[in-house]
Amino acid sequence: MIDISTLRDRPEVLRAALKRRGLDLDVESMVQIDRQRRETRVQAERTRAEQNTISRRISRLQGEQRQAAIAKAGKLAKQYRSALAAADRHDEEFRKLWIKVPNLAHPTAADGLAEEDSLEFKRWGTVPEPGYPIKDHRQLGAALGMIDIERAAKVSGTRFGYLTGPAVFIEFGLVRMALDFLGGKGFTPVVPPVLVREHALYGTGFFPDDDQQVYEVGVDAGEGLRSDDLYLVGTSEVALAAYHADEILEENDLPLRYAGFSSCFRREAGAAGKDTAGIFRVHQFDKVEMFSFCHPDRSWDEHEFLLSLEEEIVRSLEIPYRVVNVAAGDLGSSAAKKYDIEAWVPSQGRYREITSCSNTTDFQSRRLRIRFRSESGNRLVHTLNGTAVAVGRILVALLENHQQADGSFVVPEALRPYVGFERVG
């Protein structure tokens with residue numbers, strides 16, 4: 001969440017920030033409820049102090065004075081409990097409003113409300129013009145014994161796929177290549193849990209707004225089935241961010257960088273009819289995610305650094321791409337700014353997102369209470385995340401950009417040592 005001083009001291013800044021994101025939240029109500037809850041709690045404490053003062057005098061009083069003081073103390077105690085309960089209600093009312101407030105978009109984030117408003121600022125590579133009919137990744141993957149969508153639909157339904165044969169070696173080759181590369185850049189490899197508690201999703205900003213995208217385990221569906229308060233992550237960002245929850249880090253240790261490999265699970269709610277043919281948008285996929293706990297004075301440099309690592313990986317795979325600065329209205333709730341790398345997908349004749357890279361500033365660390373010691377006292381760290389390799393989407397881009405006229409697929413040179421072959425088909 002953002003610093004509450006923005007609401008109290010600069011509500012006009014918050015209103016402008018919400019408008020830039022295309023959100024219509026009632027800032028005035030938040031201001032009023034926040035003021036009311038603080039005033040009610042102050043009044044409760046004053047009443048408590050008066051009660052304590054009278055209670056300390058009771059032992060020195062006698063007769064009618066003593067009885068009057070006892071009655072007065074009892075009345076004040078009742079008023080205190082009532083005021084405290086009212087303050088608690090106001091706190092909860094405020095929390096429900098405040099938890100929906102997203103991070104403030106950085107001034108350099110692109111303007112606009114939709115995906116198409118994102119601003120392209122870089123391209124790399126030459127878009128292939130092969131001179132022969134292009135197969136999409138589903139056709140090519142099936143022909144080469146690498147992707148099986150039909151049997152996945154039989155077993156699990158839509159938006160699933162089997163990776164088979166050479167694709168399995170390519171997946172683990174991609175993962176190992178990414179981990180080796182990031183290890184050389186100071187990242188610690190991690191295999192985090194894919195089941196997390198609710199507080200981790202609130203802490204990272206995926207709840208409450210994106211709860212429709214998350215699979216819950218053990219939902220109460222009647223007698224004999226209970227909720228386990230566990231959720232499948234849509235990205236290892238959630239578990240990596242919560243790794244240092246409620247901790248105070250050492251300033252000299254920053255940045256702390258992690259490379260997390262995990263399976264990821266997404267409902268893809270609201271994506272009906274989009275990318276249903278193939279493995280570009282699926283319910284389950286594997287990913288290597290970069291995560292950084294960074295000094296706030298250096299987080300924008302760190303953001304550019306993470307983007308540069310993503311670009312190095314994509315370039316090493318010889319995939320043409322462009323980089324876009326994501327529009328403010330298309331940012332996730334925790335992000336102040338986000339870059340997407342979009343790979344060229346020949347069968348679609350357009351660029352499609354394969355990585356993202358976000359600076360969430362202190363939005364997540366404030367929720368998760370992650371701080372560091374400094375000479376001026378404990379301060380909130382900044383957290384950043386970026387996709388190193390999203391296996392399914394990278395595989396789509398690899399197959400389509402490196403297919404050959406004879407229907408074979410050539411493995412990029414950088415990946416060959418990790419898979420043990422140069423060509424499939």
# chains A, B, ... in the order shown; residues from 1 in each chain; ligands from 1
$ residues_around --residues "Gly386 in chain A" --least-positions-apart "6" --cutoff "7 Å" --atoms "only C-alpha atoms" --output "PDB file with C-alpha atoms, in the first residue's frame"
ATOM      1  CA  GLU A 289      11.455 -15.027 -11.981  1.00  0.00           C
ATOM      2  CA  MET A 290      13.917 -12.370 -10.861  1.00  0.00           C
ATOM      3  CA  PHE A 291      13.224 -10.571  -7.598  1.00  0.00           C
ATOM      4  CA  LEU A 306      16.545  -6.090 -14.590  1.00  0.00           C
ATOM      5  CA  SER A 356       7.556  -8.090 -17.801  1.00  0.00           C
ATOM      6  CA  CYS A 357       9.633  -6.093 -15.358  1.00  0.00           C
ATOM      7  CA  SER A 358       8.135  -3.950 -12.567  1.00  0.00           C
TER       8      SER A 358
END
$ residues_around --residues "range 75-78 of chain A" --least-positions-apart "6" --cutoff "12 Å" --atoms "only C-alpha atoms" --output "ChimeraX atom specification"
/A:43-55,68-69,84-85
$ closest_atom_pairs --of "range 90-149 of chain A" --to "range 399-422 of chain A" --cutoff "9 Å" --atoms "only C-alpha atoms" --output "CSV"
residue,atom,partner,partner_atom,distance
A:Val127,CA,A:Asn401,CA,8.6
A:Pro128,CA,A:Asn401,CA,7.1
A:Pro130,CA,A:Ala405,CA,7.8
A:Gly131,CA,A:Ala405,CA,8.5
A:Tyr132,CA,A:Ala405,CA,6.3
A:Pro133,CA,A:Ala405,CA,7.9
A:Ile134,CA,A:Glu400,CA,7.7
A:Lys135,CA,A:Glu400,CA,7.1
A:Asp136,CA,A:Glu400,CA,6.2
A:His137,CA,A:Glu400,CA,5.8
A:Leu140,CA,A:Gly407,CA,7.3
A:Gly141,CA,A:Leu399,CA,7.6
A:Ala143,CA,A:Gly407,CA,8.2
A:Leu144,CA,A:Ser408,CA,7.5
$ residues_around --residues "Arg123 in chain A" --least-positions-apart "4" --cutoff "9 Å" --atoms "only C-alpha atoms" --output "PyMOL selection string"
chain A and resi 320-323
$ write_last_selection --atoms "all heavy atoms" --output "CSV table (one decimal), in the first residue's frame"
chain,number,residue,atom,x,y,z
A,320,PRO,N,13.5,-11.8,-32.3
A,320,PRO,CA,13.3,-10.4,-32.5
A,320,PRO,C,12.2,-9.9,-31.5
A,320,PRO,O,11.3,-10.6,-31.2
A,320,PRO,CB,12.7,-10.3,-33.9
A,320,PRO,CG,13.1,-11.6,-34.6
A,320,PRO,CD,13.2,-12.6,-33.5
A,321,TYR,N,12.5,-8.7,-30.9
A,321,TYR,CA,11.6,-8.2,-29.9
A,321,TYR,C,11.5,-6.7,-29.9
A,321,TYR,O,12.3,-6.0,-30.6
A,321,TYR,CB,12.0,-8.7,-28.5
A,321,TYR,CG,13.3,-8.1,-28.0
A,321,TYR,CD1,13.3,-6.9,-27.4
A,321,TYR,CD2,14.5,-8.7,-28.2
A,321,TYR,CE1,14.5,-6.3,-26.9
A,321,TYR,CE2,15.7,-8.2,-27.8
A,321,TYR,CZ,15.7,-7.0,-27.1
A,321,TYR,OH,16.9,-6.4,-26.7
A,322,ARG,N,10.5,-6.2,-29.2
A,322,ARG,CA,10.4,-4.8,-28.9
A,322,ARG,C,10.2,-4.6,-27.4
A,322,ARG,O,9.7,-5.6,-26.7
A,322,ARG,CB,9.3,-4.1,-29.7
A,322,ARG,CG,7.9,-4.5,-29.3
A,322,ARG,CD,6.9,-3.7,-30.0
A,322,ARG,NE,5.5,-3.9,-29.5
A,322,ARG,CZ,4.5,-3.1,-29.8
A,322,ARG,NH1,4.6,-2.1,-30.6
A,322,ARG,NH2,3.3,-3.3,-29.3
A,323,VAL,N,10.5,-3.4,-26.9
A,323,VAL,CA,10.3,-3.1,-25.5
A,323,VAL,C,9.3,-2.0,-25.4
A,323,VAL,O,9.4,-1.0,-26.1
A,323,VAL,CB,11.6,-2.7,-24.8
A,323,VAL,CG1,11.3,-2.6,-23.2
A,323,VAL,CG2,12.7,-3.7,-25.0
$ select_by_dssp --residues "range 64-210 of chain A" --states "alpha helix (DSSP H)" --output "VMD selection string"
chain A and resid 64 to 98 137 to 143 149 to 156 166 to 183 198 to 204
$ residues_around --residues "range 187-192 of chain A" --least-positions-apart "6" --cutoff "7 Å" --atoms "only C-alpha atoms" --output "PyMOL selection string"
chain A and resi 179+236+239-240+257-262
$ write_last_selection --atoms "N, CA, C and O atoms" --output "mmCIF file, in the first residue's frame"
data_model
loop_
_atom_site.group_PDB
_atom_site.id
_atom_site.type_symbol
_atom_site.label_atom_id
_atom_site.label_comp_id
_atom_site.auth_asym_id
_atom_site.auth_seq_id
_atom_site.Cartn_x
_atom_site.Cartn_y
_atom_site.Cartn_z
ATOM 1 N N LEU A 179 19.302 -19.694 -14.978
ATOM 2 C CA LEU A 179 19.865 -19.727 -13.621
ATOM 3 C C LEU A 179 21.370 -19.529 -13.644
ATOM 4 O O LEU A 179 21.936 -18.843 -12.780
ATOM 5 N N SER A 236 6.084 -16.771 -9.011
ATOM 6 C CA SER A 236 6.885 -16.948 -7.801
ATOM 7 C C SER A 236 7.210 -15.618 -7.144
ATOM 8 O O SER A 236 7.746 -15.583 -6.032
ATOM 9 N N ALA A 239 5.800 -15.639 -3.492
ATOM 10 C CA ALA A 239 6.566 -16.317 -2.445
ATOM 11 C C ALA A 239 7.915 -15.645 -2.218
ATOM 12 O O ALA A 239 8.409 -15.600 -1.084
ATOM 13 N N LEU A 240 8.524 -15.117 -3.270
ATOM 14 C CA LEU A 240 9.822 -14.450 -3.121
ATOM 15 C C LEU A 240 9.672 -13.146 -2.355
ATOM 16 O O LEU A 240 10.497 -12.821 -1.491
ATOM 17 N N ARG A 257 19.122 -10.246 -4.303
ATOM 18 C CA ARG A 257 18.534 -10.661 -5.571
ATOM 19 C C ARG A 257 18.318 -12.167 -5.589
ATOM 20 O O ARG A 257 19.227 -12.932 -5.252
ATOM 21 N N TYR A 258 17.130 -12.571 -6.016
ATOM 22 C CA TYR A 258 16.775 -13.984 -6.069
ATOM 23 C C TYR A 258 16.258 -14.336 -7.463
ATOM 24 O O TYR A 258 15.601 -13.525 -8.125
ATOM 25 N N ALA A 259 16.570 -15.565 -7.875
ATOM 26 C CA ALA A 259 16.029 -16.105 -9.131
ATOM 27 C C ALA A 259 15.202 -17.330 -8.766
ATOM 28 O O ALA A 259 15.744 -18.372 -8.393
ATOM 29 N N GLY A 260 13.883 -17.191 -8.826
ATOM 30 C CA GLY A 260 12.991 -18.259 -8.382
ATOM 31 C C GLY A 260 12.426 -19.052 -9.546
ATOM 32 O O GLY A 260 11.884 -18.469 -10.492
ATOM 33 N N PHE A 261 12.556 -20.373 -9.462
ATOM 34 C CA PHE A 261 11.926 -21.249 -10.458
ATOM 35 C C PHE A 261 10.705 -21.896 -9.829
ATOM 36 O O PHE A 261 10.773 -22.465 -8.730
ATOM 37 N N SER A 262 9.584 -21.831 -10.530
ATOM 38 C CA SER A 262 8.381 -22.476 -10.017
ATOM 39 C C SER A 262 7.398 -22.715 -11.140
ATOM 40 O O SER A 262 7.478 -22.104 -12.211
#
$ atom_distance --atom1 "CA of Pro208 in chain A" --atom2 "CA of Asp26 in chain A"
16.9 Å
$ residues_around --residues "Ile248 in chain A" --least-positions-apart "6" --cutoff "12 Å" --atoms "only C-alpha atoms" --output "ChimeraX atom specification"
/A:254,293,365,368-374,377-381
$ atom_distance --atom1 "CA of Leu201 in chain A" --atom2 "CA of Thr361 in chain A"
16.8 Å
$ select_by_dssp --residues "range 86-278 of chain A" --states "strand (DSSP E)" --output "NGL selection string"
:A and (119-124 or 147-148 or 162-163 or 188-190 or 195-196 or 215-217 or 230-232 or 248-250 or 256-265)
$ atom_distance --atom1 "CA of Arg41 in chain A" --atom2 "CA of Ala245 in chain A"
28.1 Å
$ closest_residue --among "A:His303, A:Arg95, A:Arg66, A:Lys185" --to "Asp34 in chain A" --atoms "only C-alpha atoms"
A:Arg95
$ residues_around --residues "range 329-332 of chain A" --least-positions-apart "2" --cutoff "9 Å" --atoms "only C-alpha atoms" --output "number ranges by chain"
A: 19-23, 102-103, 105, 110-115, 117-118, 205-206, 210, 326-327, 334-338
$ write_last_selection --atoms "N, CA, C and O atoms" --output "compact mmCIF listing (two decimals), in the first residue's frame"
# COMPACT_ATOMS: atom_id res chain seq x y z
N LYS A 19 -7.01 8.93 -11.21
CA LYS A 19 -7.57 9.29 -12.51
C LYS A 19 -6.65 8.81 -13.62
O LYS A 19 -7.11 8.33 -14.66
N ARG A 20 -5.35 8.91 -13.41
CA ARG A 20 -4.39 8.47 -14.43
C ARG A 20 -4.50 6.96 -14.66
O ARG A 20 -4.26 6.48 -15.77
N ARG A 21 -4.86 6.23 -13.64
CA ARG A 21 -5.05 4.78 -13.77
C ARG A 21 -6.46 4.42 -14.23
O ARG A 21 -6.76 3.25 -14.44
N GLY A 22 -7.33 5.41 -14.35
CA GLY A 22 -8.70 5.14 -14.77
C GLY A 22 -9.57 4.59 -13.67
O GLY A 22 -10.56 3.90 -13.95
N LEU A 23 -9.24 4.90 -12.41
CA LEU A 23 -9.99 4.38 -11.27
C LEU A 23 -10.82 5.49 -10.64
O LEU A 23 -10.38 6.63 -10.53
N PRO A 102 -4.18 1.46 -5.41
CA PRO A 102 -2.95 0.93 -6.02
C PRO A 102 -1.76 1.85 -5.78
O PRO A 102 -1.90 2.95 -5.24
N ASN A 103 -0.61 1.38 -6.20
CA ASN A 103 0.59 2.20 -6.14
C ASN A 103 0.42 3.43 -7.05
O ASN A 103 -0.36 3.40 -8.00
N ALA A 105 1.45 5.54 -9.99
CA ALA A 105 2.24 5.35 -11.21
C ALA A 105 3.34 6.40 -11.27
O ALA A 105 3.12 7.57 -10.98
N ALA A 110 4.10 5.29 -19.08
CA ALA A 110 3.35 5.81 -20.23
C ALA A 110 1.93 6.20 -19.83
O ALA A 110 1.33 5.59 -18.95
N ASP A 111 1.41 7.22 -20.48
CA ASP A 111 0.03 7.64 -20.23
C ASP A 111 -0.93 6.74 -21.01
O ASP A 111 -0.56 6.13 -22.01
N GLY A 112 -2.16 6.68 -20.54
CA GLY A 112 -3.18 5.88 -21.21
C GLY A 112 -3.76 4.85 -20.28
O GLY A 112 -3.23 4.57 -19.20
N LEU A 113 -4.88 4.26 -20.71
CA LEU A 113 -5.63 3.35 -19.85
C LEU A 113 -5.61 1.90 -20.32
O LEU A 113 -5.97 1.01 -19.57
N ALA A 114 -5.18 1.65 -21.55
CA ALA A 114 -5.30 0.31 -22.11
C ALA A 114 -3.96 -0.19 -22.62
O ALA A 114 -2.99 0.57 -22.77
N GLU A 115 -3.92 -1.49 -22.92
CA GLU A 115 -2.70 -2.13 -23.40
C GLU A 115 -2.16 -1.44 -24.65
O GLU A 115 -0.94 -1.25 -24.80
N ASP A 117 -2.16 1.54 -25.36
CA ASP A 117 -1.57 2.84 -25.07
C ASP A 117 -0.12 2.74 -24.62
O ASP A 117 0.55 3.77 -24.44
N SER A 118 0.37 1.52 -24.40
CA SER A 118 1.76 1.34 -24.00
C SER A 118 2.68 1.90 -25.08
O SER A 118 2.37 1.85 -26.27
N GLY A 205 -0.05 -7.44 -3.34
CA GLY A 205 -0.99 -6.63 -4.10
C GLY A 205 -1.86 -7.40 -5.07
O GLY A 205 -2.63 -6.80 -5.82
N PHE A 206 -1.75 -8.74 -5.07
CA PHE A 206 -2.62 -9.53 -5.95
C PHE A 206 -4.03 -9.64 -5.39
O PHE A 206 -4.98 -9.84 -6.15
N ASP A 210 -7.05 -8.93 -7.88
CA ASP A 210 -6.83 -10.02 -8.83
C ASP A 210 -7.22 -11.39 -8.26
O ASP A 210 -6.75 -12.42 -8.74
N VAL A 326 4.74 0.29 -20.22
CA VAL A 326 3.31 -0.04 -20.06
C VAL A 326 2.51 1.16 -19.58
O VAL A 326 2.94 1.92 -18.70
N ALA A 327 1.34 1.34 -20.17
CA ALA A 327 0.47 2.46 -19.83
C ALA A 327 0.02 2.39 -18.38
O ALA A 327 -0.20 1.31 -17.83
N SER A 334 0.31 -3.12 -7.81
CA SER A 334 1.52 -2.87 -7.03
C SER A 334 2.58 -2.11 -7.81
O SER A 334 3.50 -1.54 -7.21
N ALA A 335 2.50 -2.08 -9.12
CA ALA A 335 3.58 -1.53 -9.94
C ALA A 335 3.48 -0.02 -10.06
O ALA A 335 2.41 0.54 -10.30
N ALA A 336 4.65 0.65 -9.93
CA ALA A 336 4.73 2.08 -10.22
C ALA A 336 5.12 2.29 -11.68
O ALA A 336 4.77 3.31 -12.28
N LYS A 337 5.82 1.31 -12.24
CA LYS A 337 6.21 1.36 -13.64
C LYS A 337 6.54 -0.05 -14.08
O LYS A 337 7.07 -0.85 -13.29
N LYS A 338 6.24 -0.35 -15.35
CA LYS A 338 6.51 -1.70 -15.85
C LYS A 338 6.94 -1.63 -17.30
O LYS A 338 6.40 -0.87 -18.10
$ residues_around --residues "Glu268 in chain A" --least-positions-apart "5" --cutoff "12 Å" --atoms "only C-alpha atoms" --output "list of chain:residue names"
A:Thr158, A:Arg159, A:Phe160, A:Asp210, A:Asp211, A:Gln212, A:Gln213, A:Val214, A:Tyr215, A:Gly234, A:Gly273, A:Lys274, A:Asp275, A:Thr276, A:Phe280, A:Arg281, A:Val282, A:His283, A:Gln284
$ write_last_selection --atoms "N, CA and C atoms" --output "PDB file, in the first residue's frame"
ATOM      1  N   THR A 158      -9.436 -27.037 -21.398  1.00  0.00           N
ATOM      2  CA  THR A 158      -8.763 -26.039 -22.229  1.00  0.00           C
ATOM      3  C   THR A 158      -7.663 -25.330 -21.453  1.00  0.00           C
ATOM      4  N   ARG A 159      -6.752 -24.707 -22.218  1.00  0.00           N
ATOM      5  CA  ARG A 159      -5.636 -23.940 -21.688  1.00  0.00           C
ATOM      6  C   ARG A 159      -4.631 -24.802 -20.919  1.00  0.00           C
ATOM      7  N   PHE A 160      -4.429 -26.003 -21.386  1.00  0.00           N
ATOM      8  CA  PHE A 160      -3.367 -26.873 -20.875  1.00  0.00           C
ATOM      9  C   PHE A 160      -2.645 -27.482 -22.056  1.00  0.00           C
ATOM     10  N   ASP A 210      -7.052  -8.931  -7.880  1.00  0.00           N
ATOM     11  CA  ASP A 210      -6.833 -10.023  -8.825  1.00  0.00           C
ATOM     12  C   ASP A 210      -7.222 -11.385  -8.257  1.00  0.00           C
ATOM     13  N   ASP A 211      -8.087 -11.395  -7.258  1.00  0.00           N
ATOM     14  CA  ASP A 211      -8.428 -12.675  -6.615  1.00  0.00           C
ATOM     15  C   ASP A 211      -9.135 -13.624  -7.578  1.00  0.00           C
ATOM     16  N   GLN A 212      -9.768 -13.094  -8.620  1.00  0.00           N
ATOM     17  CA  GLN A 212     -10.468 -13.955  -9.575  1.00  0.00           C
ATOM     18  C   GLN A 212      -9.495 -14.735 -10.449  1.00  0.00           C
ATOM     19  N   GLN A 213      -8.208 -14.363 -10.424  1.00  0.00           N
ATOM     20  CA  GLN A 213      -7.211 -15.067 -11.228  1.00  0.00           C
ATOM     21  C   GLN A 213      -6.530 -16.204 -10.460  1.00  0.00           C
ATOM     22  N   VAL A 214      -6.814 -16.317  -9.158  1.00  0.00           N
ATOM     23  CA  VAL A 214      -6.044 -17.213  -8.285  1.00  0.00           C
ATOM     24  C   VAL A 214      -6.849 -18.460  -7.939  1.00  0.00           C
ATOM     25  N   TYR A 215      -6.177 -19.595  -7.991  1.00  0.00           N
ATOM     26  CA  TYR A 215      -6.787 -20.861  -7.577  1.00  0.00           C
ATOM     27  C   TYR A 215      -6.658 -21.019  -6.067  1.00  0.00           C
ATOM     28  N   GLY A 234       0.330 -17.421  -9.018  1.00  0.00           N
ATOM     29  CA  GLY A 234       0.376 -17.159 -10.451  1.00  0.00           C
ATOM     30  C   GLY A 234       1.759 -16.774 -10.907  1.00  0.00           C
ATOM     31  N   GLY A 273     -11.818 -16.666 -25.055  1.00  0.00           N
ATOM     32  CA  GLY A 273     -11.628 -16.510 -26.486  1.00  0.00           C
ATOM     33  C   GLY A 273     -10.264 -16.000 -26.896  1.00  0.00           C
ATOM     34  N   LYS A 274      -9.387 -15.692 -25.930  1.00  0.00           N
ATOM     35  CA  LYS A 274      -8.069 -15.161 -26.244  1.00  0.00           C
ATOM     36  C   LYS A 274      -7.013 -16.257 -26.155  1.00  0.00           C
ATOM     37  N   ASP A 275      -6.293 -16.488 -27.228  1.00  0.00           N
ATOM     38  CA  ASP A 275      -5.146 -17.407 -27.234  1.00  0.00           C
ATOM     39  C   ASP A 275      -5.505 -18.786 -26.699  1.00  0.00           C
ATOM     40  N   THR A 276      -6.660 -19.284 -27.086  1.00  0.00           N
ATOM     41  CA  THR A 276      -7.063 -20.610 -26.600  1.00  0.00           C
ATOM     42  C   THR A 276      -6.388 -21.724 -27.385  1.00  0.00           C
ATOM     43  N   PHE A 280       0.287 -20.346 -25.463  1.00  0.00           N
ATOM     44  CA  PHE A 280       0.682 -18.976 -25.135  1.00  0.00           C
ATOM     45  C   PHE A 280       0.021 -18.498 -23.851  1.00  0.00           C
ATOM     46  N   ARG A 281      -1.254 -18.818 -23.666  1.00  0.00           N
ATOM     47  CA  ARG A 281      -1.998 -18.380 -22.476  1.00  0.00           C
ATOM     48  C   ARG A 281      -2.638 -19.612 -21.848  1.00  0.00           C
ATOM     49  N   VAL A 282      -1.997 -20.147 -20.832  1.00  0.00           N
ATOM     50  CA  VAL A 282      -2.442 -21.407 -20.239  1.00  0.00           C
ATOM     51  C   VAL A 282      -2.646 -21.245 -18.733  1.00  0.00           C
ATOM     52  N   HIS A 283      -3.262 -22.254 -18.133  1.00  0.00           N
ATOM     53  CA  HIS A 283      -3.515 -22.217 -16.698  1.00  0.00           C
ATOM     54  C   HIS A 283      -2.304 -22.628 -15.873  1.00  0.00           C
ATOM     55  N   GLN A 284      -1.381 -23.373 -16.477  1.00  0.00           N
ATOM     56  CA  GLN A 284      -0.204 -23.845 -15.754  1.00  0.00           C
ATOM     57  C   GLN A 284       1.023 -23.715 -16.648  1.00  0.00           C
TER      58      GLN A 284
END
$ closest_residue --among "A:Ala242, A:Ala109, A:Ala87, A:Ile170" --to "Ala17 in chain A" --atoms "only C-alpha atoms"
A:Ala109
$ closest_residue --among "A:Ala388, A:Thr6, A:Ala16, A:Asp253" --to "Pro107 in chain A" --atoms "only C-alpha atoms"
A:Ala16
